[in-house]
Structure formats: structure tokens, C-alpha cells
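Chemist: Below is start_16.cif; it holds mmCIF, C-alpha atoms.
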data_input
#
loop_
_atom_site.group_PDB
_atom_site.id
_atom_site.type_symbol
_atom_site.label_atom_id
_atom_site.label_comp_id
_atom_site.auth_asym_id
_atom_site.auth_seq_id
_atom_site.Cartn_x
_atom_site.Cartn_y
_atom_site.Cartn_z
ATOM 1 C CA MET K 1 151.238 -74.846 -80.849
ATOM 2 C CA SER K 2 151.346 -76.581 -84.223
ATOM 3 C CA ARG K 3 154.323 -78.579 -85.429
ATOM 4 C CA SER K 4 155.721 -78.849 -88.933
ATOM 5 C CA THR K 5 158.126 -81.499 -90.200
ATOM 6 C CA ARG K 6 160.836 -81.245 -92.805
ATOM 7 C CA ARG K 7 163.641 -83.577 -93.952
ATOM 8 C CA GLU K 8 167.265 -82.583 -94.030
ATOM 9 C CA CYS K 9 169.933 -85.125 -95.114
ATOM 10 C CA GLY K 10 167.545 -88.023 -94.539
ATOM 11 C CA THR K 11 166.814 -86.991 -90.980
ATOM 12 C CA THR K 12 163.405 -85.936 -89.794
ATOM 13 C CA VAL K 13 163.571 -82.663 -87.867
ATOM 14 C CA ARG K 14 160.705 -81.320 -85.808
ATOM 15 C CA GLN K 15 160.458 -77.504 -85.738
ATOM 16 C CA LYS K 16 158.276 -75.521 -83.398
ATOM 17 C CA ARG K 17 156.393 -72.559 -84.840
ATOM 18 C CA VAL K 18 156.912 -69.518 -82.649
ATOM 19 C CA SER K 19 153.690 -67.754 -81.676
ATOM 20 C CA THR K 20 154.091 -63.971 -81.579
ATOM 21 C CA PRO K 21 151.635 -61.541 -79.924
ATOM 22 C CA ALA K 22 150.486 -60.425 -83.379
ATOM 23 C CA THR K 23 149.628 -63.951 -84.492
ATOM 24 C CA ARG K 24 147.856 -64.603 -81.196
ATOM 25 C CA ARG K 25 145.740 -61.479 -81.698
ATOM 26 C CA GLU K 26 144.876 -62.579 -85.229
ATOM 27 C CA ARG K 27 143.763 -66.015 -84.018
ATOM 28 C CA VAL K 28 141.681 -64.485 -81.239
ATOM 29 C CA THR K 29 140.062 -62.098 -83.713
ATOM 30 C CA ARG K 30 139.298 -64.891 -86.180
ATOM 31 C CA HIS K 31 137.876 -67.020 -83.386
ATOM 32 C CA ALA K 32 135.673 -64.185 -82.160
ATOM 33 C CA CYS K 33 134.404 -63.426 -85.657
ATOM 34 C CA SER K 34 133.664 -67.094 -86.354
ATOM 35 C CA SER K 35 131.802 -67.499 -83.069
ATOM 36 C CA LEU K 36 129.709 -64.433 -83.809
ATOM 37 C CA ALA K 37 128.971 -65.713 -87.284
ATOM 38 C CA THR K 38 127.844 -69.085 -85.974
ATOM 39 C CA ARG K 39 125.375 -67.378 -83.686
ATOM 40 C CA GLY K 40 123.998 -65.524 -86.680
ATOM 41 C CA GLY K 41 124.025 -62.283 -84.787
ATOM 42 C CA ARG K 42 125.020 -58.947 -86.154
ATOM 43 C CA VAL K 43 127.199 -56.975 -83.803
ATOM 44 C CA ALA K 44 126.274 -53.351 -83.446
ATOM 45 C CA CYS K 45 128.319 -50.661 -81.794
ATOM 46 C CA GLU K 46 127.275 -49.369 -78.435
ATOM 47 C CA SER K 47 126.877 -46.077 -80.162
ATOM 48 C CA SER K 48 127.464 -45.283 -83.807
ATOM 49 C CA ARG K 49 128.203 -41.710 -82.801
ATOM 50 C CA PHE K 50 131.033 -42.958 -80.554
ATOM 51 C CA CYS K 51 132.557 -44.805 -83.515
ATOM 52 C CA ARG K 52 132.452 -41.685 -85.678
ATOM 53 C CA VAL K 53 134.065 -39.556 -82.983
ATOM 54 C CA SER K 54 136.719 -42.241 -82.416
ATOM 55 C CA ARG K 55 137.524 -42.394 -86.120
ATOM 56 C CA LEU K 56 137.740 -38.613 -86.238
ATOM 57 C CA SER K 57 140.109 -38.557 -83.267
ATOM 58 C CA ASN K 58 142.285 -41.292 -84.770
ATOM 59 C CA MET K 59 142.528 -39.532 -88.119
ATOM 60 C CA LEU K 60 143.513 -36.253 -86.512
ATOM 61 C CA GLN K 61 146.123 -37.930 -84.327
ATOM 62 C CA GLN K 62 147.581 -39.999 -87.183
ATOM 63 C CA HIS K 63 148.062 -37.015 -89.459
ATOM 64 C CA GLY K 64 149.607 -34.975 -86.663
ATOM 65 C CA PRO K 65 149.404 -31.182 -86.533
ATOM 66 C CA ASN K 66 147.469 -29.776 -89.451
ATOM 67 C CA SER K 67 149.700 -28.084 -92.000
ATOM 68 C CA ASN K 68 147.261 -25.189 -92.238
ATOM 69 C CA LEU K 69 147.688 -24.341 -88.562
ATOM 70 C CA MET K 70 150.654 -21.998 -88.539
ATOM 71 C CA VAL K 71 152.181 -19.891 -85.824
ATOM 72 C CA ARG K 72 150.741 -16.406 -85.784
ATOM 73 C CA LYS K 73 153.330 -13.880 -86.957
ATOM 74 C CA LEU K 74 152.287 -10.981 -84.762
ATOM 75 C CA ASP K 75 153.657 -7.536 -85.335
ATOM 76 C CA PRO K 76 155.733 -6.249 -82.437
ATOM 77 C CA ARG K 77 153.597 -4.333 -79.989
ATOM 78 C CA GLN K 78 155.607 -1.122 -80.492
ATOM 79 C CA THR K 79 154.738 -0.985 -84.204
ATOM 80 C CA TRP K 80 151.066 -0.399 -83.417
ATOM 81 C CA ASN K 81 149.836 3.159 -83.539
ATOM 82 C CA LEU K 82 149.082 4.123 -79.959
ATOM 83 C CA MET K 83 145.900 5.972 -80.875
ATOM 84 C CA VAL K 84 144.589 3.016 -82.899
ATOM 85 C CA GLU K 85 145.334 0.620 -80.064
ATOM 86 C CA SER K 86 143.645 2.932 -77.567
ATOM 87 C CA HIS K 87 140.501 3.176 -79.694
ATOM 88 C CA LEU K 88 140.383 -0.585 -80.271
ATOM 89 C CA ARG K 89 140.655 -1.189 -76.547
ATOM 90 C CA SER K 90 137.942 1.340 -75.762
ATOM 91 C CA THR K 91 135.556 -0.247 -78.273
ATOM 92 C CA GLY K 92 136.321 -3.797 -77.048
ATOM 93 C CA PHE K 93 137.741 -5.095 -80.349
ATOM 94 C CA TYR K 94 141.451 -5.069 -79.550
ATOM 95 C CA HIS K 95 141.802 -8.737 -78.593
ATOM 96 C CA VAL K 96 139.746 -10.101 -81.472
ATOM 97 C CA SER K 97 141.697 -7.906 -83.901
ATOM 98 C CA ARG K 98 144.875 -9.814 -82.924
ATOM 99 C CA ILE K 99 143.361 -13.196 -83.799
ATOM 100 C CA GLY K 100 143.936 -14.661 -87.234
ATOM 101 C CA VAL K 101 142.046 -17.204 -89.325
ATOM 102 C CA ILE K 102 142.052 -20.973 -88.736
ATOM 103 C CA ARG K 103 141.687 -22.870 -92.000
ATOM 104 C CA GLY K 104 140.982 -26.529 -92.670
ATOM 105 C CA PHE K 105 139.695 -29.000 -90.032
ATOM 106 C CA TYR K 106 136.671 -29.931 -92.144
ATOM 107 C CA LEU K 107 136.334 -33.302 -90.392
ATOM 108 C CA LEU K 108 136.013 -31.624 -87.023
ATOM 109 C CA LEU K 109 133.499 -29.146 -88.411
ATOM 110 C CA ALA K 110 131.399 -31.938 -89.927
ATOM 111 C CA ALA K 111 131.451 -33.923 -86.670
ATOM 112 C CA LEU K 112 130.378 -30.923 -84.585
ATOM 113 C CA ALA K 113 127.573 -30.071 -86.996
ATOM 114 C CA GLU K 114 126.364 -33.679 -86.864
ATOM 115 C CA MET K 115 126.290 -33.689 -83.063
ATOM 116 C CA TRP K 116 124.400 -30.365 -82.862
ATOM 117 C CA ARG K 117 120.732 -30.445 -81.881
ATOM 118 C CA PRO K 118 118.761 -27.374 -83.063
ATOM 119 C CA LYS K 119 115.890 -27.868 -80.608
ATOM 120 C CA THR K 120 118.093 -27.603 -77.517
ATOM 121 C CA HIS K 121 121.081 -25.704 -79.004
ATOM 122 C CA THR K 122 123.475 -28.262 -77.539
ATOM 123 C CA PHE K 123 126.064 -30.798 -78.696
ATOM 124 C CA VAL K 124 125.069 -34.384 -77.872
ATOM 125 C CA LEU K 125 128.168 -36.294 -76.706
ATOM 126 C CA LEU K 126 128.607 -39.624 -74.931
ATOM 127 C CA VAL K 127 129.024 -37.830 -71.624
ATOM 128 C CA GLY K 128 125.860 -35.793 -72.102
ATOM 129 C CA GLU K 129 124.817 -32.518 -73.666
ATOM 130 C CA VAL K 130 127.180 -29.552 -73.726
ATOM 131 C CA THR K 131 126.910 -26.072 -75.170
ATOM 132 C CA MET K 132 128.919 -22.885 -75.456
ATOM 133 C CA PRO K 133 127.972 -20.189 -72.920
ATOM 134 C CA LEU K 134 128.781 -16.500 -73.079
ATOM 135 C CA GLU K 135 131.700 -16.987 -70.682
ATOM 136 C CA ASN K 136 133.549 -19.022 -73.322
ATOM 137 C CA VAL K 137 133.039 -16.261 -75.893
ATOM 138 C CA ALA K 138 134.495 -13.808 -73.386
ATOM 139 C CA HIS K 139 137.467 -16.102 -72.783
ATOM 140 C CA ILE K 140 138.257 -16.501 -76.507
ATOM 141 C CA PHE K 141 137.156 -13.220 -78.146
ATOM 142 C CA ASP K 142 136.917 -10.849 -75.163
ATOM 143 C CA LEU K 143 133.992 -8.919 -76.633
ATOM 144 C CA PRO K 144 131.613 -6.608 -74.740
ATOM 145 C CA ILE K 145 128.580 -8.382 -73.283
ATOM 146 C CA TYR K 146 126.604 -5.758 -71.394
ATOM 147 C CA GLY K 147 124.771 -3.191 -73.433
ATOM 148 C CA GLU K 148 122.194 -2.719 -76.126
ATOM 149 C CA PRO K 149 121.248 -5.536 -78.499
ATOM 150 C CA VAL K 150 122.844 -5.536 -81.937
ATOM 151 C CA ASN K 151 119.776 -4.731 -84.014
ATOM 152 C CA GLY K 152 118.174 -1.911 -85.942
ATOM 153 C CA TRP K 153 116.638 -1.025 -89.245
ATOM 154 C CA THR K 154 118.309 -1.448 -92.630
ATOM 155 C CA ASP K 155 118.027 0.407 -95.909
ATOM 156 C CA SER K 156 119.608 -1.117 -98.988
ATOM 157 C CA SER K 157 119.023 1.868 -101.247
ATOM 158 C CA SER K 158 122.069 3.232 -103.011
ATOM 159 C CA VAL K 159 121.594 6.776 -101.666
ATOM 160 C CA PHE K 160 121.483 5.608 -98.051
ATOM 161 C CA LEU K 161 124.498 3.306 -98.376
ATOM 162 C CA GLN K 162 126.603 5.951 -100.087
ATOM 163 C CA SER K 163 125.779 8.540 -97.441
ATOM 164 C CA GLN K 164 126.619 6.087 -94.658
ATOM 165 C CA SER K 165 129.897 5.118 -96.325
ATOM 166 C CA ILE K 166 131.029 8.713 -96.780
ATOM 167 C CA THR K 167 130.186 9.518 -93.160
ATOM 168 C CA ILE K 168 131.849 6.422 -91.682
ATOM 169 C CA PHE K 169 134.719 5.625 -94.053
ATOM 170 C CA GLY K 170 135.169 8.917 -95.891
ATOM 171 C CA HIS K 171 134.896 7.202 -99.316
ATOM 172 C CA GLU K 172 132.169 6.325 -101.760
ATOM 173 C CA LEU K 173 130.977 2.788 -101.283
ATOM 174 C CA GLU K 174 131.957 -0.095 -103.554
ATOM 175 C CA VAL K 175 129.321 -2.787 -103.112
ATOM 176 C CA SER K 176 129.162 -6.349 -104.351
ATOM 177 C CA SER K 177 128.155 -6.984 -107.959
ATOM 178 C CA PHE K 178 125.478 -9.536 -106.996
ATOM 179 C CA SER K 179 123.907 -7.638 -104.098
ATOM 180 C CA MET K 180 123.735 -4.017 -103.005
ATOM 181 C CA SER K 181 123.661 -5.101 -99.350
ATOM 182 C CA TYR K 182 127.182 -6.541 -99.227
ATOM 183 C CA ILE K 183 130.476 -4.648 -99.100
ATOM 184 C CA LYS K 184 133.708 -6.130 -100.406
ATOM 185 C CA LEU K 185 136.333 -6.663 -97.731
ATOM 186 C CA GLY K 186 139.060 -6.143 -100.312
ATOM 187 C CA TRP K 187 137.807 -2.622 -100.986
ATOM 188 C CA LEU K 188 137.678 -2.030 -97.233
ATOM 189 C CA ARG K 189 141.357 -2.956 -96.884
ATOM 190 C CA ARG K 190 142.302 -0.667 -99.760
ATOM 191 C CA ILE K 191 140.746 2.387 -98.135
ATOM 192 C CA ARG K 192 141.931 1.457 -94.621
ATOM 193 C CA ASP K 193 145.657 0.999 -95.199
ATOM 194 C CA PRO K 194 146.430 4.437 -96.749
ATOM 195 C CA GLU K 195 144.958 6.350 -93.804
ATOM 196 C CA PRO K 196 147.644 8.755 -92.533
ATOM 197 C CA LEU K 197 146.504 8.508 -88.868
ATOM 198 C CA ASP K 198 147.673 12.062 -88.280
ATOM 199 C CA THR K 199 144.343 13.399 -87.029
ATOM 200 C CA LYS K 200 141.650 12.170 -84.702
ATOM 201 C CA GLU K 201 139.140 11.780 -87.518
ATOM 202 C CA SER K 202 141.617 9.800 -89.659
ATOM 203 C CA THR K 203 142.316 7.464 -86.743
ATOM 204 C CA ARG K 204 138.629 6.914 -86.154
ATOM 205 C CA ARG K 205 138.057 6.131 -89.845
ATOM 206 C CA TYR K 206 140.835 3.549 -89.641
ATOM 207 C CA VAL K 207 139.339 1.982 -86.514
ATOM 208 C CA ARG K 208 135.869 1.890 -88.075
ATOM 209 C CA CYS K 209 137.293 0.128 -91.125
ATOM 210 C CA GLN K 210 139.085 -2.357 -88.888
ATOM 211 C CA ILE K 211 135.978 -3.101 -86.827
ATOM 212 C CA PHE K 212 133.775 -3.483 -89.889
ATOM 213 C CA TYR K 213 136.391 -5.782 -91.401
ATOM 214 C CA LEU K 214 136.319 -7.917 -88.248
ATOM 215 C CA LEU K 215 132.529 -8.105 -88.378
ATOM 216 C CA GLY K 216 132.690 -9.534 -91.899
ATOM 217 C CA SER K 217 135.751 -11.767 -91.550
ATOM 218 C CA THR K 218 135.576 -13.103 -87.975
ATOM 219 C CA LEU K 219 132.319 -12.472 -86.097
ATOM 220 C CA PHE K 220 129.537 -12.581 -88.716
ATOM 221 C CA THR K 221 131.196 -14.272 -91.664
ATOM 222 C CA ASP K 222 129.459 -15.603 -94.735
ATOM 223 C CA LYS K 223 130.432 -18.689 -96.723
ATOM 224 C CA LEU K 224 132.671 -16.745 -99.108
ATOM 225 C CA ASN K 225 134.438 -14.865 -96.304
ATOM 226 C CA ALA K 226 134.926 -11.959 -98.703
ATOM 227 C CA TYR K 227 131.952 -9.693 -97.974
ATOM 228 C CA ALA K 228 130.359 -7.935 -95.018
ATOM 229 C CA HIS K 229 126.696 -7.008 -94.773
ATOM 230 C CA ALA K 230 125.926 -3.311 -94.943
ATOM 231 C CA LYS K 231 123.354 -3.583 -92.128
ATOM 232 C CA TYR K 232 126.164 -3.042 -89.581
ATOM 233 C CA LEU K 233 127.058 0.392 -90.954
ATOM 234 C CA PRO K 234 124.583 2.384 -88.809
ATOM 235 C CA LEU K 235 126.051 0.772 -85.667
ATOM 236 C CA LEU K 236 129.459 2.320 -86.424
ATOM 237 C CA ARG K 237 128.209 5.809 -87.254
ATOM 238 C CA ASP K 238 128.412 7.057 -83.660
ATOM 239 C CA PHE K 239 131.937 6.162 -82.565
ATOM 240 C CA GLU K 240 131.211 6.734 -78.885
ATOM 241 C CA ARG K 241 128.422 4.124 -78.918
ATOM 242 C CA ILE K 242 130.290 1.212 -80.496
ATOM 243 C CA HIS K 243 131.286 -0.252 -77.132
ATOM 244 C CA THR K 244 127.721 0.001 -75.802
ATOM 245 C CA TYR K 245 126.447 -2.900 -77.950
ATOM 246 C CA SER K 246 126.463 -6.504 -76.777
ATOM 247 C CA TRP K 247 128.680 -7.875 -79.551
ATOM 248 C CA ARG K 248 129.392 -11.051 -77.593
ATOM 249 C CA SER K 249 125.733 -12.070 -77.478
ATOM 250 C CA ALA K 250 125.282 -11.317 -81.167
ATOM 251 C CA CYS K 251 128.343 -13.396 -82.072
ATOM 252 C CA LEU K 252 127.118 -16.389 -80.074
ATOM 253 C CA ALA K 253 123.621 -16.092 -81.544
ATOM 254 C CA HIS K 254 125.104 -16.027 -85.040
ATOM 255 C CA LEU K 255 127.082 -19.196 -84.270
ATOM 256 C CA TYR K 256 123.952 -20.961 -82.994
ATOM 257 C CA LYS K 257 122.099 -19.978 -86.151
ATOM 258 C CA ALA K 258 124.937 -21.217 -88.360
ATOM 259 C CA LEU K 259 125.090 -24.560 -86.511
ATOM 260 C CA CYS K 260 121.328 -25.030 -86.804
ATOM 261 C CA HIS K 261 121.540 -24.443 -90.539
ATOM 262 C CA ALA K 262 124.618 -26.691 -90.929
ATOM 263 C CA SER K 263 122.918 -29.573 -89.076
ATOM 264 C CA ARG K 264 120.379 -29.950 -91.890
ATOM 265 C CA TYR K 265 120.965 -32.919 -94.191
ATOM 266 C CA ASP K 266 121.011 -30.834 -97.381
ATOM 267 C CA THR K 267 123.630 -28.300 -96.181
ATOM 268 C CA LYS K 268 127.150 -28.616 -97.580
ATOM 269 C CA GLU K 269 128.873 -25.523 -96.169
ATOM 270 C CA MET K 270 128.862 -23.532 -92.966
ATOM 271 C CA ASP K 271 129.533 -19.910 -92.129
ATOM 272 C CA GLY K 272 129.768 -18.075 -88.838
ATOM 273 C CA PRO K 273 132.586 -17.533 -86.308
ATOM 274 C CA LEU K 274 134.417 -20.809 -86.945
ATOM 275 C CA ASN K 275 137.482 -19.621 -85.000
ATOM 276 C CA LEU K 276 135.309 -19.489 -81.904
ATOM 277 C CA LEU K 277 133.915 -22.976 -82.558
ATOM 278 C CA PHE K 278 137.298 -24.600 -83.202
ATOM 279 C CA VAL K 279 139.040 -23.130 -80.169
ATOM 280 C CA TRP K 280 136.118 -24.034 -77.914
ATOM 281 C CA ALA K 281 136.135 -27.640 -79.200
ATOM 282 C CA TRP K 282 139.899 -28.015 -78.732
ATOM 283 C CA GLU K 283 139.716 -26.782 -75.154
ATOM 284 C CA ARG K 284 136.706 -28.928 -74.224
ATOM 285 C CA ILE K 285 137.856 -32.075 -76.104
ATOM 286 C CA PRO K 286 141.652 -32.140 -75.643
ATOM 287 C CA CYS K 287 142.088 -35.498 -77.429
ATOM 288 C CA ILE K 288 141.448 -33.860 -80.825
ATOM 289 C CA THR K 289 143.647 -30.836 -80.247
ATOM 290 C CA PRO K 290 146.062 -30.565 -83.213
ATOM 291 C CA VAL K 291 148.664 -28.568 -81.273
ATOM 292 C CA GLU K 292 150.386 -29.905 -78.195
ATOM 293 C CA SER K 293 150.016 -27.875 -75.007
ATOM 294 C CA PHE K 294 147.321 -25.701 -76.519
ATOM 295 C CA GLY K 295 147.204 -22.673 -74.240
ATOM 296 C CA THR K 296 144.915 -19.735 -73.724
ATOM 297 C CA ASP K 297 146.897 -17.345 -75.921
ATOM 298 C CA HIS K 298 144.712 -17.920 -78.969
ATOM 299 C CA SER K 299 146.397 -15.217 -81.010
ATOM 300 C CA MET K 300 149.621 -17.225 -81.135
ATOM 301 C CA VAL K 301 148.362 -20.419 -82.784
ATOM 302 C CA VAL K 302 146.434 -19.249 -85.814
ATOM 303 C CA GLU K 303 147.321 -18.169 -89.277
ATOM 304 C CA ASP K 304 148.432 -14.643 -89.984
ATOM 305 C CA ARG K 305 145.657 -12.610 -91.583
ATOM 306 C CA SER K 306 147.634 -9.465 -92.288
ATOM 307 C CA GLU K 307 148.640 -10.778 -95.732
ATOM 308 C CA ILE K 308 145.115 -11.701 -96.826
#
For the file at hand, write its structure as C-alpha cells.
Modeler:
Amino acid sequence: MSRSTRRECGTTVRQKRVSTPATRRERVTRHACSSLATRGGRVACESSRFCRVSRLSNMLQQHGPNSNLMVRKLDPRQTWNLMVESHLRSTGFYHVSRIGVIRGFYLLLAALAEMWRPKTHTFVLLVGEVTMPLENVAHIFDLPIYGEPVNGWTDSSSVFLQSQSITIFGHELEVSSFSMSYIKLGWLRRIRDPEPLDTKESTRRYVRCQIFYLLGSTLFTDKLNAYAHAKYLPLLRDFERIHTYSWRSACLAHLYKALCHASRYDTKEMDGPLNLLFVWAWERIPCITPVESFGTDHSMVVEDRSEI
């Protein structure tokens, strides 16, 4: 320990400088840096990817729970129309219809896209390679898995789209101004909400609108999150066949495609089922979870979408 001298009333007084843990750490750090500099070596991280993940985790923990992550204000179960709930359960879209939208978390999204490898469809972490199987999609979205593939032919002509819209929704179609193949979700909400639900056909029109809205806003979203592709209309024409399609496989394939596109160096935005990606990451990497004691009831920790 160093000593300093000072004079008081003609008397020389020796005062000891107290060494605190902080000052000791500073001296050790300066000594380590000077010794590394004398060797002329440049210290590199064990893994630059580990440093980025550590910084991401620290930033998320310092800022605490994200302000955009709000408690889901679910409607009481008794306010749901029993026929609508029965049809949603029979088609396999009841659980995903109760899940809202998670906004924000751009740092987490950027980190996951950077760790994604398109050749293997896996995330490369320090512990190895991990990916999202169909079982995780079932756990989070509870969509049908067994059945026919979600594919078919498309026709973007105005006559075909109008005929499909009248058959499925009971209204003439209002398409996007920049493309005839996209349907505005705002128009879909406007024709869905006034349905009286007093007949079987009215209830089915409401359920078709709800399912198509979920396809465009949750499962197969675009970057604007305001349109849904008209190619899914023929899949909803036969109401009894909606549950026979493997929606879970299609949702996971769409997420893989979105991650492969987002991993490119010139991509600035990402679409796809981001709710699925965020919840999966929070359950597999608990240290970055923004909500304490994050449980399996995913519908209770996301933002309410009923007001959108």
C-alpha cells in the first residue's frame, strides 16, 4: 500500500490509503492490460458469437421486462359464442386464435437470424446445433399435423377471386391496391364482426374469416402484417376439410424459409410466425426470457390483438 504525507500544525502525519475491492480490481485490470500490451499480442475472444450473445443477454436483463410485452386481456370464456368455439376447436385453430401478437425484441430477432444456418436449418450455439421440431409447434400453437399438405393451384384473376370471396365470406372481395393476390386484413375484420351468428352458414362465414385472418396475421405473415395472400382461399372453401390439412408443417416450413431469407447479409426485415420463434427461444434459452416464471400458458403473456 502506498503512503502519502501531509503537514498539520508543523507535525508530519503519515496516512494510509485504504484499498477497496474496486481499486484492487482496477489495478489488476491495468496490470493485465499492460502485460498483454508488452507481449504485443492481441487478445481474441474464445468465440465472437459468445460475446454477441452475452451482450444481448446483458442488455435484455438490464432493461428488464420489455414495455411492449403486456398481459393478454382475454375475454371471459362465457362471452364466446358456443358455436364459434366449437367450430374453431373442430378445425384446430382454437388455441392459436387465443394468442396475441408479441412486438419488439428486435435484438433477439437479429441474434437468432445471425445464428441460423440455411444449409442445415439449425441454430449454431456454443453448446451445439439446435432446431425447432414439429413437437414444439404443437406445444405452442396446437395446430393439426396429420393430413394433406397445404398446397394447391392459384388463380389471381379478378373473376376467380371474387367468386371465391362470395362463396367463402359472402362479400365481394376488396384486394390490395398494389397486388391482386393480397387481401386486406382490415377489410376482413370489417366483414367478420357484423356477422349475426344466428344461422349455421353465418357462423361458418365468421369462422372462415377468423381462420383466414390468423393465416395472414400469425401463421404466414408478411413484413407489413396487414395483408393475407389469396392463395389460401381455396383451402377454406370446403369447411369440412379445413382440419384435414397439416397446418403445423406448413407453419414450420414458412418459419424456416423466413429464417433462411433473414440470414442473408442484405436483408433488413423478417416475416413469418415470429410469435412461434420468440416463445421457442425463451423456453430453450431461459436467461433471455423477459418475463419471470414464463409458463406454458402462452396466451396470457402477449399483447391483446382484439383492438388491432
Chemist: Expressed in Å to a single decimal, how great is the separation between atom CA of K:Ala110 and atom CA of K:Ala138?
Modeler: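 Between these atoms lies a distance of 24.7 Å.
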Chemist: Identify which of the residues K:Cys287, K:Val150, K:Ala281, K:Ala226 lies closest to K:Trp247, counting all atoms listed in the file when measuring atom-to-atom distances.
Modeler: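 Checking each of K:Cys287, K:Val150, K:Ala281, K:Ala226 against K:Trp247, counting all atoms listed in the file, the winner is K:Val150.
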Chemist: If you apply the PyMOL selection byres ((chain K and resi 206) around 9) to this file, what residues do you get, as an mmCIF file with C-alpha atoms, keeping the file's coordinate frame?
Modeler:
data_model
loop_
_atom_site.group_PDB
_atom_site.id
_atom_site.type_symbol
_atom_site.label_atom_id
_atom_site.label_comp_id
_atom_site.auth_asym_id
_atom_site.auth_seq_id
_atom_site.Cartn_x
_atom_site.Cartn_y
_atom_site.Cartn_z
ATOM 1 C CA VAL K 84 144.589 3.016 -82.899
ATOM 2 C CA PHE K 169 134.719 5.625 -94.053
ATOM 3 C CA ILE K 191 140.746 2.387 -98.135
ATOM 4 C CA ARG K 192 141.931 1.457 -94.621
ATOM 5 C CA ASP K 193 145.657 0.999 -95.199
ATOM 6 C CA GLU K 195 144.958 6.350 -93.804
ATOM 7 C CA LEU K 197 146.504 8.508 -88.868
ATOM 8 C CA GLU K 201 139.140 11.780 -87.518
ATOM 9 C CA SER K 202 141.617 9.800 -89.659
ATOM 10 C CA THR K 203 142.316 7.464 -86.743
ATOM 11 C CA ARG K 204 138.629 6.914 -86.154
ATOM 12 C CA ARG K 205 138.057 6.131 -89.845
ATOM 13 C CA VAL K 207 139.339 1.982 -86.514
ATOM 14 C CA ARG K 208 135.869 1.890 -88.075
ATOM 15 C CA CYS K 209 137.293 0.128 -91.125
ATOM 16 C CA GLN K 210 139.085 -2.357 -88.888
ATOM 17 C CA ILE K 211 135.978 -3.101 -86.827
#
Chemist: Please evaluate the PyMOL selection byres ((chain K and resi 254) around 10) against the structure above and give the resulting residues as number ranges by chain.
Modeler: K: 219-221, 248-253, 255-260, 271-273
Chemist: Identify, on the basis of only C-alpha atoms, every residue whose closest approach to K:Ser90 does not exceed 10 Å; exclude the query and any residue fewer than 4 positions from it along the same chain; express the result as a tab-separated table (two decimals) with C-alpha atoms, in the frame of the given file.
Modeler:
chain	number	residue	atom	x	y	z
K	84	VAL	CA	144.59	3.02	-82.90
K	85	GLU	CA	145.33	0.62	-80.06
K	86	SER	CA	143.65	2.93	-77.57
K	94	TYR	CA	141.45	-5.07	-79.55
K	240	GLU	CA	131.21	6.73	-78.89
K	242	ILE	CA	130.29	1.21	-80.50
K	243	HIS	CA	131.29	-0.25	-77.13
Chemist: I need the residue nearest K:Asp142 from this list: K:Val96, K:Ala230, K:Leu107, K:Leu236. Use only C-alpha atoms for the distance.
Modeler: K:Val96
Chemist: Neighbouring residues of K:Arg237 were defined as those with any atom within 8 Å, considering all atoms listed in the file; residues of the same chain fewer than 2 positions away were excluded. Please report them as a list in words.
Modeler: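 Result of the neighbour search: Gln164, Thr167, Ile168, Leu233, Pro234, Leu235 and Phe239 of chain K.
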Chemist: State, in Å with one decimal place, the distance from atom CA of K:Trp187 to atom CA of K:Glu174.
Modeler: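 Those two atoms sit 6.9 Å apart.
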Chemist: Please compute the atom CA of K:Ser246-atom CA of K:Ile145 distance, one decimal, in Å.
Modeler: 4.5 Å
Chemist: If you apply the PyMOL selection byres ((chain K and resi 185) around 12) to this file, what residues do you get, as a ChimeraX atom specification?
Modeler: /K:173-176,182-184,186-192,209-218,221-222,224-230,308
Chemist: Select, from K:Thr199, K:Gln162, K:Thr120, K:Asn136, the residue with the minimum atom-to-atom distance to K:Ser181, counting all atoms listed in the file.
Modeler: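 Closest candidate: K:Gln162.
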